[in-house]
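Trainee: Have a look at this one.
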Number of protein chains: 2
Amino acid sequence: MPITNEQAEANVRRYLELVATGTAAEIVALYAPDGVLEDPVGSEPLVGREAIQGFYATLEPMKVTTELLAIRASGGEAAFHFHIETDTGAGVAVLDPMEMMAFDEDGLIRSMRAWWNDGDMTFG
Amino acid sequence: MPITNEQAEANVRRYLELVATGTAAEIVALYAPDGVLEDPVGSEPLVGREAIQGFYATLEPMKVTTELLAIRASGGEAAFHFHIETDTGAGVAVLDPMEMMAFDEDGLIRSMRAWWNDGDMTFG
């Protein structure tokens with residue numbers, strides 16, 4: 001049984017909260033052990049929690065805020081549009097990516113894909 | 001070589017224009033011969049132009065308007081959020097789905113997936 005649309009949306013909200021306030025270990029615990037992350041789409045996918053934790057570890061020392069702009073859930077998956085500001089120390093990177101997440105029956109992320117390109121990013 | 005982000009965005013705009021004003025045959029010509037459509041995500045995917053044309057044929061007699069709300073392109077794909085109003089004759093169905101399209105090297109749609117559920121639809 002796929003998770004419900006309500007569960008998928010709650011999982012996305014928890015994910016965005018942890019991207020802003022959590023540790024890389026807390027974020028990666030949302031992924032299935034063999035989860036796959038492709039961010040941005042077209043880059044080499046990262047497979048498994050160890051590789052995925054390395055991705056989020058780069059955000060850990062930075063001040064990050066996130067805001068969910070829109071979400072649509074269907075069939076154990078969610079697509080969403082969100083706003084993220086990352087204070088790199090040298091400036092604030094601002095991006096509104098679109099992502100999709102597919103969840104396993106336990107609600108863990110088995111696939112995350114993010115569509116954005118360099119032209120979408122601004123520095124404030 | 002994947003198509004450029006500009007081409008992906010232009011293809012999505014052309015698609016939404018044809019969903020509003022074109023025939024099912026015109027829309028299906030945007031798909032690769034072995035293209036796959038999954039709308040909504042979780043439903044049985046339709047494979048190939050004949051099956052896909054049947055999907056769009058149901059829209060053909062209805063008055064449809066579309067508006068692109070947001071789009072992000074990356075790696076030969078695009079994700080987008082759009083508004084669609086469909087006058088069924090018995091009322092106007094209003095929906096803001098999120099979709100992704102992956103394009104082949106010729107710019108034809110090899111995969112379209114749409115995230116939305118019944119709770120997202122309103123009737124005006």
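Chain labels run A, B, ... following the order of the structure tokens; each chain numbers its residues from 1, and ligands are numbered from 1 in the order shown.
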Would you mind listing what lies within 9 Å of A:Ala78 as a PyMOL selection string, with only C-alpha atoms counted and same-chain residues fewer than 4 positions away left out?
Mentor: (chain A and resi 5+8-9+12+71-74+99-103) or (chain B and resi 115-116)
Trainee: Rotate and translate chain A onto chain B via least squares on all in-order Cα pairs, then write the result as an mmCIF file with N, CA and C atoms, in the first residue's frame.
Mentor:
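Final file, out-v8.cif:
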data_model
loop_
_atom_site.group_PDB
_atom_site.id
_atom_site.type_symbol
_atom_site.label_atom_id
_atom_site.label_comp_id
_atom_site.auth_asym_id
_atom_site.auth_seq_id
_atom_site.Cartn_x
_atom_site.Cartn_y
_atom_site.Cartn_z
ATOM 1 N N MET A 1 22.956 14.120 -26.254
ATOM 2 C CA MET A 1 22.844 15.423 -25.590
ATOM 3 C C MET A 1 21.389 15.692 -25.186
ATOM 4 N N PRO A 2 21.152 16.008 -23.936
ATOM 5 C CA PRO A 2 19.788 16.418 -23.566
ATOM 6 C C PRO A 2 19.457 17.769 -24.204
ATOM 7 N N ILE A 3 18.190 18.033 -24.407
ATOM 8 C CA ILE A 3 17.796 19.352 -24.917
ATOM 9 C C ILE A 3 18.133 20.409 -23.871
ATOM 10 N N THR A 4 18.203 21.653 -24.287
ATOM 11 C CA THR A 4 18.540 22.734 -23.364
ATOM 12 C C THR A 4 17.337 23.056 -22.463
ATOM 13 N N ASN A 5 17.631 23.766 -21.379
ATOM 14 C CA ASN A 5 16.556 24.190 -20.479
ATOM 15 C C ASN A 5 15.565 25.103 -21.204
ATOM 16 N N GLU A 6 16.092 25.942 -22.115
ATOM 17 C CA GLU A 6 15.219 26.856 -22.864
ATOM 18 C C GLU A 6 14.275 26.057 -23.770
ATOM 19 N N GLN A 7 14.820 24.998 -24.400
ATOM 20 C CA GLN A 7 13.970 24.160 -25.252
ATOM 21 C C GLN A 7 12.919 23.432 -24.424
ATOM 22 N N ALA A 8 13.326 22.941 -23.251
ATOM 23 C CA ALA A 8 12.374 22.221 -22.393
ATOM 24 C C ALA A 8 11.226 23.152 -21.995
ATOM 25 N N GLU A 9 11.577 24.396 -21.626
ATOM 26 C CA GLU A 9 10.520 25.337 -21.233
ATOM 27 C C GLU A 9 9.627 25.684 -22.428
ATOM 28 N N ALA A 10 10.227 25.894 -23.596
ATOM 29 C CA ALA A 10 9.426 26.206 -24.787
ATOM 30 C C ALA A 10 8.487 25.043 -25.112
ATOM 31 N N ASN A 11 8.969 23.802 -24.953
ATOM 32 C CA ASN A 11 8.127 22.631 -25.227
ATOM 33 C C ASN A 11 6.937 22.568 -24.269
ATOM 34 N N VAL A 12 7.177 22.891 -23.011
ATOM 35 C CA VAL A 12 6.073 22.873 -22.034
ATOM 36 C C VAL A 12 5.042 23.948 -22.380
ATOM 37 N N ARG A 13 5.525 25.144 -22.762
ATOM 38 C CA ARG A 13 4.585 26.213 -23.125
ATOM 39 C C ARG A 13 3.756 25.824 -24.349
ATOM 40 N N ARG A 14 4.390 25.169 -25.338
ATOM 41 C CA ARG A 14 3.675 24.718 -26.528
ATOM 42 C C ARG A 14 2.662 23.636 -26.147
ATOM 43 N N TYR A 15 3.056 22.748 -25.243
ATOM 44 C CA TYR A 15 2.149 21.693 -24.775
ATOM 45 C C TYR A 15 0.894 22.296 -24.139
ATOM 46 N N LEU A 16 1.086 23.262 -23.228
ATOM 47 C CA LEU A 16 -0.065 23.846 -22.538
ATOM 48 C C LEU A 16 -0.957 24.616 -23.505
ATOM 49 N N GLU A 17 -0.340 25.233 -24.513
ATOM 50 C CA GLU A 17 -1.109 25.944 -25.541
ATOM 51 C C GLU A 17 -1.980 24.951 -26.322
ATOM 52 N N LEU A 18 -1.384 23.803 -26.669
ATOM 53 C CA LEU A 18 -2.142 22.809 -27.451
ATOM 54 C C LEU A 18 -3.200 22.121 -26.592
ATOM 55 N N VAL A 19 -2.934 21.926 -25.294
ATOM 56 C CA VAL A 19 -3.967 21.352 -24.422
ATOM 57 C C VAL A 19 -5.197 22.265 -24.420
ATOM 58 N N ALA A 20 -4.952 23.572 -24.521
ATOM 59 C CA ALA A 20 -6.072 24.529 -24.518
ATOM 60 C C ALA A 20 -6.723 24.644 -25.897
ATOM 61 N N THR A 21 -5.915 24.629 -26.963
ATOM 62 C CA THR A 21 -6.466 25.018 -28.268
ATOM 63 C C THR A 21 -6.276 23.970 -29.363
ATOM 64 N N GLY A 22 -5.517 22.914 -29.089
ATOM 65 C CA GLY A 22 -5.176 21.971 -30.158
ATOM 66 C C GLY A 22 -6.061 20.736 -30.172
ATOM 67 N N THR A 23 -5.819 19.894 -31.154
ATOM 68 C CA THR A 23 -6.507 18.606 -31.229
ATOM 69 C C THR A 23 -5.677 17.554 -30.484
ATOM 70 N N ALA A 24 -6.310 16.423 -30.185
ATOM 71 C CA ALA A 24 -5.584 15.320 -29.546
ATOM 72 C C ALA A 24 -4.427 14.865 -30.429
ATOM 73 N N ALA A 25 -4.620 14.888 -31.732
ATOM 74 C CA ALA A 25 -3.556 14.468 -32.667
ATOM 75 C C ALA A 25 -2.369 15.430 -32.591
ATOM 76 N N GLU A 26 -2.668 16.725 -32.461
ATOM 77 C CA GLU A 26 -1.574 17.701 -32.350
ATOM 78 C C GLU A 26 -0.806 17.517 -31.041
ATOM 79 N N ILE A 27 -1.535 17.253 -29.957
ATOM 80 C CA ILE A 27 -0.871 17.067 -28.662
ATOM 81 C C ILE A 27 -0.008 15.811 -28.682
ATOM 82 N N VAL A 28 -0.553 14.721 -29.197
ATOM 83 C CA VAL A 28 0.173 13.450 -29.144
ATOM 84 C C VAL A 28 1.426 13.492 -30.025
ATOM 85 N N ALA A 29 1.436 14.380 -31.018
ATOM 86 C CA ALA A 29 2.627 14.521 -31.871
ATOM 87 C C ALA A 29 3.806 15.087 -31.086
ATOM 88 N N LEU A 30 3.555 15.648 -29.896
ATOM 89 C CA LEU A 30 4.645 16.129 -29.037
ATOM 90 C C LEU A 30 5.329 14.972 -28.317
ATOM 91 N N TYR A 31 4.680 13.811 -28.291
ATOM 92 C CA TYR A 31 5.210 12.640 -27.575
ATOM 93 C C TYR A 31 6.076 11.791 -28.499
ATOM 94 N N ALA A 32 7.081 11.151 -27.926
ATOM 95 C CA ALA A 32 7.832 10.127 -28.646
ATOM 96 C C ALA A 32 6.885 8.950 -28.937
ATOM 97 N N PRO A 33 7.166 8.187 -30.005
ATOM 98 C CA PRO A 33 6.287 7.056 -30.346
ATOM 99 C C PRO A 33 6.086 6.093 -29.169
ATOM 100 N N ASP A 34 7.118 5.908 -28.350
ATOM 101 C CA ASP A 34 7.002 5.005 -27.190
ATOM 102 C C ASP A 34 6.914 5.814 -25.883
ATOM 103 N N GLY A 35 6.399 7.032 -25.977
ATOM 104 C CA GLY A 35 6.244 7.884 -24.794
ATOM 105 C C GLY A 35 5.304 7.266 -23.768
ATOM 106 N N VAL A 36 5.455 7.704 -22.528
ATOM 107 C CA VAL A 36 4.662 7.163 -21.414
ATOM 108 C C VAL A 36 4.005 8.323 -20.674
ATOM 109 N N LEU A 37 2.713 8.170 -20.389
ATOM 110 C CA LEU A 37 1.951 9.183 -19.664
ATOM 111 C C LEU A 37 1.384 8.561 -18.393
ATOM 112 N N GLU A 38 1.634 9.169 -17.241
ATOM 113 C CA GLU A 38 1.084 8.690 -15.960
ATOM 114 C C GLU A 38 0.380 9.871 -15.302
ATOM 115 N N ASP A 39 -0.956 9.902 -15.394
ATOM 116 C CA ASP A 39 -1.730 11.063 -14.956
ATOM 117 C C ASP A 39 -3.047 10.595 -14.378
ATOM 118 N N PRO A 40 -3.252 10.632 -13.053
ATOM 119 C CA PRO A 40 -2.279 11.083 -12.064
ATOM 120 C C PRO A 40 -1.256 10.001 -11.715
ATOM 121 N N VAL A 41 -0.169 10.407 -11.069
ATOM 122 C CA VAL A 41 0.833 9.465 -10.582
ATOM 123 C C VAL A 41 0.142 8.423 -9.692
ATOM 124 N N GLY A 42 0.458 7.168 -9.923
ATOM 125 C CA GLY A 42 -0.178 6.069 -9.192
ATOM 126 C C GLY A 42 -1.209 5.347 -10.038
ATOM 127 N N SER A 43 -1.659 5.984 -11.141
ATOM 128 C CA SER A 43 -2.571 5.299 -12.066
ATOM 129 C C SER A 43 -1.742 4.498 -13.067
ATOM 130 N N GLU A 44 -2.416 3.631 -13.801
ATOM 131 C CA GLU A 44 -1.722 2.793 -14.786
ATOM 132 C C GLU A 44 -1.140 3.669 -15.893
ATOM 133 N N PRO A 45 0.167 3.617 -16.132
ATOM 134 C CA PRO A 45 0.743 4.446 -17.197
ATOM 135 C C PRO A 45 0.209 4.043 -18.578
ATOM 136 N N LEU A 46 0.001 5.046 -19.430
ATOM 137 C CA LEU A 46 -0.381 4.813 -20.817
ATOM 138 C C LEU A 46 0.885 4.849 -21.654
ATOM 139 N N VAL A 47 1.077 3.823 -22.462
ATOM 140 C CA VAL A 47 2.332 3.681 -23.210
ATOM 141 C C VAL A 47 2.044 3.768 -24.705
ATOM 142 N N GLY A 48 2.719 4.690 -25.374
ATOM 143 C CA GLY A 48 2.614 4.783 -26.829
ATOM 144 C C GLY A 48 1.563 5.791 -27.261
ATOM 145 N N ARG A 49 1.744 6.279 -28.490
ATOM 146 C CA ARG A 49 0.910 7.388 -28.963
ATOM 147 C C ARG A 49 -0.574 7.058 -29.051
ATOM 148 N N GLU A 50 -0.910 5.813 -29.402
ATOM 149 C CA GLU A 50 -2.333 5.488 -29.568
ATOM 150 C C GLU A 50 -3.068 5.616 -28.232
ATOM 151 N N ALA A 51 -2.468 5.029 -27.175
ATOM 152 C CA ALA A 51 -3.089 5.105 -25.848
ATOM 153 C C ALA A 51 -3.128 6.553 -25.363
ATOM 154 N N ILE A 52 -2.049 7.283 -25.625
ATOM 155 C CA ILE A 52 -1.968 8.666 -25.151
ATOM 156 C C ILE A 52 -2.973 9.552 -25.881
ATOM 157 N N GLN A 53 -3.167 9.284 -27.176
ATOM 158 C CA GLN A 53 -4.139 10.096 -27.914
ATOM 159 C C GLN A 53 -5.550 9.911 -27.356
ATOM 160 N N GLY A 54 -5.853 8.691 -26.905
ATOM 161 C CA GLY A 54 -7.162 8.441 -26.286
ATOM 162 C C GLY A 54 -7.377 9.291 -25.046
ATOM 163 N N PHE A 55 -6.309 9.504 -24.287
ATOM 164 C CA PHE A 55 -6.374 10.325 -23.081
ATOM 165 C C PHE A 55 -6.753 11.765 -23.439
ATOM 166 N N TYR A 56 -6.080 12.331 -24.427
ATOM 167 C CA TYR A 56 -6.335 13.729 -24.777
ATOM 168 C C TYR A 56 -7.628 13.903 -25.572
ATOM 169 N N ALA A 57 -8.095 12.823 -26.211
ATOM 170 C CA ALA A 57 -9.328 12.915 -26.994
ATOM 171 C C ALA A 57 -10.519 13.286 -26.112
ATOM 172 N N THR A 58 -10.461 12.894 -24.825
ATOM 173 C CA THR A 58 -11.579 13.222 -23.925
ATOM 174 C C THR A 58 -11.672 14.728 -23.689
ATOM 175 N N LEU A 59 -10.541 15.429 -23.823
ATOM 176 C CA LEU A 59 -10.551 16.885 -23.618
ATOM 177 C C LEU A 59 -11.019 17.637 -24.860
ATOM 178 N N GLU A 60 -10.905 16.992 -26.017
ATOM 179 C CA GLU A 60 -11.071 17.701 -27.296
ATOM 180 C C GLU A 60 -12.406 18.439 -27.403
ATOM 181 N N PRO A 61 -13.530 17.814 -26.997
ATOM 182 C CA PRO A 61 -14.800 18.543 -27.170
ATOM 183 C C PRO A 61 -15.028 19.621 -26.112
ATOM 184 N N MET A 62 -14.173 19.721 -25.109
ATOM 185 C CA MET A 62 -14.408 20.657 -24.000
ATOM 186 C C MET A 62 -13.637 21.947 -24.227
ATOM 187 N N LYS A 63 -14.157 23.009 -23.596
ATOM 188 C CA LYS A 63 -13.455 24.292 -23.639
ATOM 189 C C LYS A 63 -12.429 24.274 -22.507
ATOM 190 N N VAL A 64 -11.167 24.399 -22.872
ATOM 191 C CA VAL A 64 -10.087 24.278 -21.893
ATOM 192 C C VAL A 64 -9.232 25.547 -21.924
ATOM 193 N N THR A 65 -8.873 26.046 -20.739
ATOM 194 C CA THR A 65 -7.860 27.103 -20.665
ATOM 195 C C THR A 65 -6.742 26.630 -19.744
ATOM 196 N N THR A 66 -5.520 27.048 -20.058
ATOM 197 C CA THR A 66 -4.366 26.671 -19.240
ATOM 198 C C THR A 66 -3.518 27.911 -18.966
ATOM 199 N N GLU A 67 -2.818 27.870 -17.852
ATOM 200 C CA GLU A 67 -1.888 28.953 -17.513
ATOM 201 C C GLU A 67 -0.694 28.353 -16.765
ATOM 202 N N LEU A 68 0.490 28.665 -17.232
ATOM 203 C CA LEU A 68 1.702 28.190 -16.563
ATOM 204 C C LEU A 68 1.968 29.051 -15.329
ATOM 205 N N LEU A 69 2.092 28.412 -14.172
ATOM 206 C CA LEU A 69 2.313 29.152 -12.923
ATOM 207 C C LEU A 69 3.797 29.213 -12.571
ATOM 208 N N ALA A 70 4.513 28.124 -12.801
ATOM 209 C CA ALA A 70 5.946 28.076 -12.463
ATOM 210 C C ALA A 70 6.560 26.913 -13.214
ATOM 211 N N ILE A 71 7.832 27.063 -13.573
ATOM 212 C CA ILE A 71 8.528 25.988 -14.285
ATOM 213 C C ILE A 71 9.998 25.993 -13.893
ATOM 214 N N ARG A 72 10.561 24.804 -13.755
ATOM 215 C CA ARG A 72 11.990 24.638 -13.501
ATOM 216 C C ARG A 72 12.503 23.559 -14.433
ATOM 217 N N ALA A 73 13.555 23.867 -15.179
ATOM 218 C CA ALA A 73 14.107 22.928 -16.146
ATOM 219 C C ALA A 73 15.513 22.532 -15.742
ATOM 220 N N SER A 74 15.849 21.284 -16.035
ATOM 221 C CA SER A 74 17.152 20.747 -15.637
ATOM 222 C C SER A 74 17.379 19.413 -16.339
ATOM 223 N N GLY A 75 18.564 19.232 -16.915
ATOM 224 C CA GLY A 75 18.962 17.908 -17.416
ATOM 225 C C GLY A 75 18.026 17.297 -18.449
ATOM 226 N N GLY A 76 17.480 18.110 -19.352
ATOM 227 C CA GLY A 76 16.594 17.564 -20.383
ATOM 228 C C GLY A 76 15.196 17.267 -19.889
ATOM 229 N N GLU A 77 14.862 17.823 -18.723
ATOM 230 C CA GLU A 77 13.527 17.627 -18.155
ATOM 231 C C GLU A 77 12.975 18.978 -17.696
ATOM 232 N N ALA A 78 11.685 19.013 -17.456
ATOM 233 C CA ALA A 78 11.083 20.187 -16.836
ATOM 234 C C ALA A 78 10.042 19.732 -15.839
ATOM 235 N N ALA A 79 9.965 20.437 -14.717
ATOM 236 C CA ALA A 79 8.863 20.278 -13.767
ATOM 237 C C ALA A 79 8.098 21.583 -13.804
ATOM 238 N N PHE A 80 6.767 21.493 -13.717
ATOM 239 C CA PHE A 80 5.991 22.725 -13.787
ATOM 240 C C PHE A 80 4.685 22.595 -13.040
ATOM 241 N N HIS A 81 4.172 23.757 -12.659
ATOM 242 C CA HIS A 81 2.922 23.896 -11.923
ATOM 243 C C HIS A 81 2.028 24.722 -12.822
ATOM 244 N N PHE A 82 0.825 24.252 -13.067
ATOM 245 C CA PHE A 82 -0.028 25.012 -13.982
ATOM 246 C C PHE A 82 -1.485 24.946 -13.556
ATOM 247 N N HIS A 83 -2.242 25.849 -14.134
ATOM 248 C CA HIS A 83 -3.663 25.999 -13.846
ATOM 249 C C HIS A 83 -4.431 25.541 -15.081
ATOM 250 N N ILE A 84 -5.452 24.709 -14.861
ATOM 251 C CA ILE A 84 -6.258 24.268 -16.001
ATOM 252 C C ILE A 84 -7.730 24.329 -15.619
ATOM 253 N N GLU A 85 -8.514 24.928 -16.498
ATOM 254 C CA GLU A 85 -9.966 24.961 -16.313
ATOM 255 C C GLU A 85 -10.590 24.235 -17.485
ATOM 256 N N THR A 86 -11.467 23.293 -17.165
ATOM 257 C CA THR A 86 -12.100 22.459 -18.183
ATOM 258 C C THR A 86 -13.606 22.578 -18.060
ATOM 259 N N ASP A 87 -14.229 23.130 -19.094
ATOM 260 C CA ASP A 87 -15.685 23.271 -19.086
ATOM 261 C C ASP A 87 -16.282 21.984 -19.629
ATOM 262 N N THR A 88 -16.826 21.184 -18.703
ATOM 263 C CA THR A 88 -17.328 19.859 -19.082
ATOM 264 C C THR A 88 -18.725 19.932 -19.689
ATOM 265 N N GLY A 89 -19.328 21.123 -19.663
ATOM 266 C CA GLY A 89 -20.724 21.243 -20.093
ATOM 267 C C GLY A 89 -21.624 21.257 -18.871
ATOM 268 N N ALA A 90 -21.265 20.462 -17.852
ATOM 269 C CA ALA A 90 -22.032 20.399 -16.593
ATOM 270 C C ALA A 90 -21.398 21.286 -15.525
ATOM 271 N N GLY A 91 -20.331 22.004 -15.873
ATOM 272 C CA GLY A 91 -19.619 22.822 -14.886
ATOM 273 C C GLY A 91 -18.162 22.937 -15.287
ATOM 274 N N VAL A 92 -17.442 23.790 -14.566
ATOM 275 C CA VAL A 92 -16.037 24.017 -14.901
ATOM 276 C C VAL A 92 -15.161 23.380 -13.822
ATOM 277 N N ALA A 93 -14.361 22.408 -14.214
ATOM 278 C CA ALA A 93 -13.417 21.761 -13.298
ATOM 279 C C ALA A 93 -12.136 22.581 -13.280
ATOM 280 N N VAL A 94 -11.667 22.908 -12.073
ATOM 281 C CA VAL A 94 -10.483 23.748 -11.903
ATOM 282 C C VAL A 94 -9.436 22.960 -11.131
ATOM 283 N N LEU A 95 -8.203 22.933 -11.668
ATOM 284 C CA LEU A 95 -7.147 22.125 -11.073
ATOM 285 C C LEU A 95 -5.799 22.814 -11.316
ATOM 286 N N ASP A 96 -4.908 22.737 -10.331
ATOM 287 C CA ASP A 96 -3.533 23.257 -10.467
ATOM 288 C C ASP A 96 -2.553 22.100 -10.253
ATOM 289 N N PRO A 97 -2.371 21.238 -11.234
ATOM 290 C CA PRO A 97 -1.488 20.071 -11.037
ATOM 291 C C PRO A 97 -0.019 20.470 -11.105
ATOM 292 N N MET A 98 0.833 19.569 -10.629
ATOM 293 C CA MET A 98 2.260 19.653 -10.922
ATOM 294 C C MET A 98 2.599 18.493 -11.843
ATOM 295 N N GLU A 99 3.431 18.782 -12.825
ATOM 296 C CA GLU A 99 3.824 17.750 -13.776
ATOM 297 C C GLU A 99 5.323 17.789 -13.986
ATOM 298 N N MET A 100 5.833 16.664 -14.478
ATOM 299 C CA MET A 100 7.199 16.639 -14.981
ATOM 300 C C MET A 100 7.162 16.041 -16.374
ATOM 301 N N MET A 101 8.060 16.524 -17.218
ATOM 302 C CA MET A 101 8.241 15.948 -18.546
ATOM 303 C C MET A 101 9.719 15.712 -18.771
ATOM 304 N N ALA A 102 10.030 14.509 -19.261
ATOM 305 C CA ALA A 102 11.385 14.200 -19.711
ATOM 306 C C ALA A 102 11.334 14.111 -21.230
ATOM 307 N N PHE A 103 12.309 14.743 -21.879
ATOM 308 C CA PHE A 103 12.330 14.818 -23.337
ATOM 309 C C PHE A 103 13.483 13.997 -23.907
ATOM 310 N N ASP A 104 13.262 13.432 -25.091
ATOM 311 C CA ASP A 104 14.370 12.763 -25.763
ATOM 312 C C ASP A 104 15.221 13.811 -26.493
ATOM 313 N N GLU A 105 16.243 13.340 -27.190
ATOM 314 C CA GLU A 105 17.189 14.284 -27.813
ATOM 315 C C GLU A 105 16.550 15.104 -28.929
ATOM 316 N N ASP A 106 15.399 14.624 -29.442
ATOM 317 C CA ASP A 106 14.678 15.378 -30.471
ATOM 318 C C ASP A 106 13.643 16.319 -29.861
ATOM 319 N N GLY A 107 13.564 16.340 -28.524
ATOM 320 C CA GLY A 107 12.609 17.230 -27.862
ATOM 321 C C GLY A 107 11.224 16.626 -27.720
ATOM 322 N N LEU A 108 11.081 15.340 -28.079
ATOM 323 C CA LEU A 108 9.774 14.685 -27.908
ATOM 324 C C LEU A 108 9.647 14.183 -26.468
ATOM 325 N N ILE A 109 8.416 14.178 -25.965
ATOM 326 C CA ILE A 109 8.159 13.773 -24.580
ATOM 327 C C ILE A 109 8.306 12.263 -24.452
ATOM 328 N N ARG A 110 9.260 11.817 -23.642
ATOM 329 C CA ARG A 110 9.358 10.364 -23.424
ATOM 330 C C ARG A 110 8.656 9.959 -22.139
ATOM 331 N N SER A 111 8.443 10.915 -21.223
ATOM 332 C CA SER A 111 7.711 10.617 -19.995
ATOM 333 C C SER A 111 7.009 11.872 -19.512
ATOM 334 N N MET A 112 5.731 11.739 -19.195
ATOM 335 C CA MET A 112 4.980 12.797 -18.522
ATOM 336 C C MET A 112 4.327 12.175 -17.301
ATOM 337 N N ARG A 113 4.493 12.839 -16.145
ATOM 338 C CA ARG A 113 3.857 12.376 -14.910
ATOM 339 C C ARG A 113 3.185 13.575 -14.261
ATOM 340 N N ALA A 114 1.982 13.385 -13.751
ATOM 341 C CA ALA A 114 1.202 14.488 -13.168
ATOM 342 C C ALA A 114 0.778 14.137 -11.751
ATOM 343 N N TRP A 115 1.121 15.010 -10.811
ATOM 344 C CA TRP A 115 0.741 14.820 -9.414
ATOM 345 C C TRP A 115 -0.454 15.701 -9.086
ATOM 346 N N TRP A 116 -1.556 15.087 -8.737
ATOM 347 C CA TRP A 116 -2.751 15.778 -8.255
ATOM 348 C C TRP A 116 -3.668 14.695 -7.723
ATOM 349 N N ASN A 117 -4.615 15.098 -6.892
ATOM 350 C CA ASN A 117 -5.617 14.125 -6.446
ATOM 351 C C ASN A 117 -6.981 14.787 -6.429
ATOM 352 N N ASP A 118 -8.006 13.977 -6.259
ATOM 353 C CA ASP A 118 -9.382 14.476 -6.357
ATOM 354 C C ASP A 118 -9.627 15.664 -5.431
ATOM 355 N N GLY A 119 -8.954 15.655 -4.272
ATOM 356 C CA GLY A 119 -9.145 16.752 -3.309
ATOM 357 C C GLY A 119 -8.626 18.087 -3.807
ATOM 358 N N ASP A 120 -7.773 18.058 -4.834
ATOM 359 C CA ASP A 120 -7.222 19.300 -5.388
ATOM 360 C C ASP A 120 -8.166 19.949 -6.399
ATOM 361 N N MET A 121 -9.193 19.203 -6.833
ATOM 362 C CA MET A 121 -10.067 19.704 -7.903
ATOM 363 C C MET A 121 -11.280 20.412 -7.321
ATOM 364 N N THR A 122 -11.621 21.555 -7.899
ATOM 365 C CA THR A 122 -12.848 22.242 -7.495
ATOM 366 C C THR A 122 -13.720 22.420 -8.729
ATOM 367 N N PHE A 123 -15.000 22.605 -8.503
ATOM 368 C CA PHE A 123 -15.943 22.825 -9.605
ATOM 369 C C PHE A 123 -16.593 24.188 -9.445
ATOM 370 N N GLY A 124 -16.452 24.996 -10.474
ATOM 371 C CA GLY A 124 -16.969 26.362 -10.402
ATOM 372 C C GLY A 124 -18.232 26.500 -11.219
#
Trainee: If you run DSSP on this backbone, which residues of stretch 2-97 of chain B come out as alpha helix (DSSP H), and could you give them as number ranges by chain?
Mentor: B: 5-21, 24-28, 49-57
Trainee: Run DSSP on the backbone of this structure and report the residues of stretch 7-86 of chain A it assigns to strand (DSSP E or B), as JSON, numbers by chain.
Mentor: {"A": [31, 32, 33, 34, 35, 36, 37, 38, 41, 43, 46, 47, 63, 64, 65, 66, 67, 68, 69, 70, 71, 72, 73, 74, 77, 78, 79, 80, 81, 82, 83, 84, 85, 86]}
